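Heads up: the structure comes next, in structure tokens.
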Amino acid sequence: MSEKVGAVMVVGAGISGIQSALDLADSGFKVYLVDSKPSIGGLMSQLDKTFPTNDCSMCIEAPKMVDAGRHQNIELLTYSELVSVEGEDGNFHAKILKKPRSVDIDKCTGCGLCTENCPIMLKIQIPEKPPAPEVRDRELIDGFISEHADLPNPLIQILLDVSGKYSYLPRDVLEYLAFRLEIPFSNIYRIATFYKSFSLEKRGDYHVKVCLGTACHVRGGSRVLDKVRTVADIYGGDTFSIETVNCLGACALGPIIVVNEEVHGHVTIDGVDKVMNELGASKAEGGEEE
Amino acid sequence: MKFNTPAELESHTKKLVDSLDPNKPVIILCGGTGCVASKCHDLIDAFKEELASQGLEDKVSIRITGCHGFCEKGPLVVIHPEKVFYPMAKPKDVPRMVTETVLGKKVIDELLYIDPGTGEKVIHEYDVPFYKKQDRVIFADNGEIDPRSIDDYITLEGYSSLVKAFDMSSEEIIEEVTKSGLKGRGGAGFPTGVKWGFARKAEGEQKYLICNADEGDPGAYMDRSVLEGNPHSVIEGMIIGAYAIGASQGIAYVRSEYPLAVDNLDIAIKQARESGFLGENILGSGFDFDLKIYKGAGAFVCGEETALIASIEGRPGEPQQRPPFPAESGLWGCPTNINNVETWSNIPHIIKKGADWYADIGTNDSKGSKIFSLVGKITNVGLVEVPIGTTLRTVIYDIGGGIPDGKKFKAVQTGGPSGGCIPEEHLDTPIDYKDLTALGSIMGSGGLIVMDEDTCMVDVAKYFIGFTLDESCGKCTSCREGNARMLEILEDITCGKGTIESLDLLEELSQYVKDSSLCGLGKTAPNPVLTTLMYFRHEYEAHIRDHACPAKVCKDLIWFEIDAEKCTGCTACARKCPVDAITGEKKEAHVVNQDVCTRCGTCYQVCKFDSVQVKTGGDN
Ligand SMILES: Cc1cc2nc3c(=O)[nH]c(=O)nc-3n(C[C@H](O)[C@H](O)[C@H](O)COP(=O)(O)O)c2cc1C
Ligand code: FES
């Protein structure tokens, strides 16, 4: 057997995180098991029964939690947030923020007496509403929100408006929407990544849409896409951004590309080269003049 | 102007019809998406300028209509009252068209359409074979009316079906629609009258009506053209449906990728509201109904009705288990009736001309006509409306004009990603829900993608599986994982790593995916694979056994070679090659370095002497 080198970080110590950590640790890796909660266990520990066998959840999970806690190869990093990960396959650096626990975990047995007797817990704490996050064009965004006020759940329509304005979904706007609509940021993220119309990345100076609808495909659309990708790579960075679409309703002109809303029909591979190089070159020149 | 009673509408219609001057020249310009892409806006501007400079603005009108269907020859100009037809019109010819045709009543010979079949010139739009062989009902007015003018629609007896419907009871309307035999045009082909009956009987204070305009089928654009070109027909159909079902709120779910359709529908809804066709107490009938647009955000699966509802409710578009059907518990838990754009636009015609008239069109078990989007390797790309039961051959050869460039027909794909590929021997099959299903394909929403000998069927299957995999919402394991595994197998085959056994595996997997997926997306996803395996198994085998792609499409199985005899040494290929794989002296035969070549095909396209040749396994 080959020798195991390096360590693995598992983020999230729910049942799947614990099991992964155990499997890795059993096969000889050093594992850091990170969770933002003070204890491992995750959601499963809160469930009564599990699907489909109706077994008791804790009966399944508790032994695994104990195993993970005792395993020589597993180091628990609870009450800790993952701040950043850098590097590449085989060589990552992770920064982890350990929140202060003010309890010596080596001595604590988890008896629960202190929580029962802590006088502060008994006071009702009303969380202060945080101030609205900073956002660009605040009035405009507020306008989008009020425009769809009649809908019970207007998020998708608002995101379409935002995307129409900026051509992508800027993070600050999403954070602001989460605050204003009082929905978790993760829900917004879910919608934003589910639907194809939304992009989380800024577009290039020239946004190239390549049609990969069936009509364009049989006329060589995928080769055109390869070429568009090659040329875009040459200019790199933010000159070109590429999007693939399924049918623009102009199949008679296929294969089609649309550059900043201008339609180029019957494009050849050579034609792509010409159109894009002209734009790329004019941008480069523009840059020099400034 | 607001109409409070049917009589007010009738007198307005009469006034409009009477004020029509049959001799006034009208320049009709197609402003559909296909023609916009062919730069019709330059043409429109040129006409406006020309009329202004000649001081003719009062004497000649310009009308910008929706799609006429003959997108291949866009931008289209039709000059009324003679209906002289100029295809592929250019701004530079505009002054002549105005002076000679509009004013001088003369036809400009060299701008006319030439029938490729006979080589003869055709003067009138209605004589062009592409139109002549069609039977247009829903699409009949598209080339006549300005979609942004409600008066244009009213002039052609628009909203008169609504008046007629208000004189009927809801049971009578549902009975009429049932009797007409209309089936849903969205894909599943469920009888519309029956569906309305369920929604009518469902209990609930509030009922919803939805128009499904999330046309996701890549290569099909008929719903878009109906919405862009004749939005009032859809609105009228929806009001009649709402009245029959007892719904007070309607939603049109339109793809956000169709901005022109959204705009035109939005304008039409506002006009209908101002005219009293939407809102409270419509035409004094005591019936209330209003309509709203909801934009889709780009997910094919949202065309599925339960996913569409989820999306309107603001959730990710994941389909749900049925039953309960939307008719019992749909949007916000209320009874909901969903129909496709084309289905809705059929309704006014059925009410106006009667169920018997409608039932006369079509075949024994499928009635009416259907719009198809005829695209791909076909001479006349465009939208075609024919009675259901017309054969594929008629559509492809008589209307579509056959395959261009003297190539051979290979297959036609119907029904989009859920459909299948039909080979030459079945071309005489009538296009009908039942017959297409018997061939392993489906009618679907009406895409007809024609493929010629240069199309690789394995590649097509791979394309569709890639599409469905990409669009799968991921809820069902069989759809999410099954399609992924099928794609892997197909990829292996197209790069020459496939095995003969994998074909059986593909079939087996297909069956699993079909059987165990929740919604129509997964249930039909393997159809393109199954039909190509059934009709074009030899192509799969060629890829596997001979490492050959007979259509010379699959990159990993082809290479480019330069024929030294034909090569003139013009250096065009060497200059264009992005990876410098081609070497050779000027005026001497060039050579492709196979180790460097990425098979991008540039040299093949730029060579003017046919000296670059595509080779595949078995060739030397
Ligand atoms: C994956 C999938 C995609 C669909 N896409 C569309 C669509 O784009 N347009 C449409 O009208 N119906 C679509 N449908 C069909 C609808 O679910 C539904 O059957 C239809 O809108 C009902 O209207 P009809 O009875 O008028 O056909 C789709 C179904 C599935 C399973
Ligand atoms: S498939 Fe590309 S425009 Fe229709």
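In the structure tokens, the first chain shown is A, the next is B, and so on; residue numbers restart at 1 for each chain, and ligands run from 1 in the order shown.
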
When the cut-off is 7 Å and you count only C-alpha atoms and all ligand atoms, which residues lie near ligand 1, shown as a PyMOL selection string?
chain B and resi 183-192+212-217+300-305+338-341+343+445+519-521

Check your understanding: stretch 24-236 of chain A: which residues are strand (DSSP E or B) by DSSP, as JSON, numbers by chain?
Key -> {"A": [30, 31, 32, 33, 34, 49, 50, 55, 56, 74, 75, 76, 77, 80, 81, 82, 83, 84, 85, 86, 87, 88, 91, 92, 93, 94, 95, 96, 97, 98, 206, 207, 208, 209, 210, 211]}

Between chain A and ligand 2, at 8 Å or less, what are the per-residue closest atom pairs and their distances in Å? Count only C-alpha atoms and all ligand atoms, order by chain and rising residue number, and return it as CSV.
residue,atom,partner,partner_atom_place_in_ligand_line,distance
A:Cys211,CA,ligand 2,2 (Fe),4.7
A:Leu212,CA,ligand 2,2 (Fe),5.9
A:Gly213,CA,ligand 2,1 (S),3.5
A:Thr214,CA,ligand 2,1 (S),5.0
A:Ala215,CA,ligand 2,1 (S),4.0
A:Cys216,CA,ligand 2,2 (Fe),4.3
A:His217,CA,ligand 2,1 (S),6.9
A:Val245,CA,ligand 2,2 (Fe),8.0
A:Asn246,CA,ligand 2,1 (S),6.2
A:Cys247,CA,ligand 2,4 (Fe),3.5
A:Leu248,CA,ligand 2,3 (S),4.0
A:Gly249,CA,ligand 2,3 (S),4.6
A:Ala250,CA,ligand 2,3 (S),4.2
A:Cys251,CA,ligand 2,4 (Fe),3.7
A:Ala252,CA,ligand 2,3 (S),7.2
A:Leu253,CA,ligand 2,3 (S),7.1
A:Gly254,CA,ligand 2,2 (Fe),5.5
A:Pro255,CA,ligand 2,2 (Fe),6.1
A:Ile256,CA,ligand 2,2 (Fe),6.0

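When atom CA of B:Ile347 is paired with atom CA of B:Gly197, their separation reads 14.9 Å.
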
Which of these residues is nearest to chain B, using only C-alpha atoms: A:Arg203, A:Lys49, A:Arg70, A:Lys196?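 Under the stated criterion, the closest residue is A:Lys196.
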
- Surrounding residues of A:Thr230 excluding itself and chain neighbours under 3 positions, 12 Å, only C-alpha atoms, as an MDAnalysis selection string: (chainID A and resid 223:227 233:236 240:242 269 272:273 276:277) or (chainID B and resid 578:579 598 600)
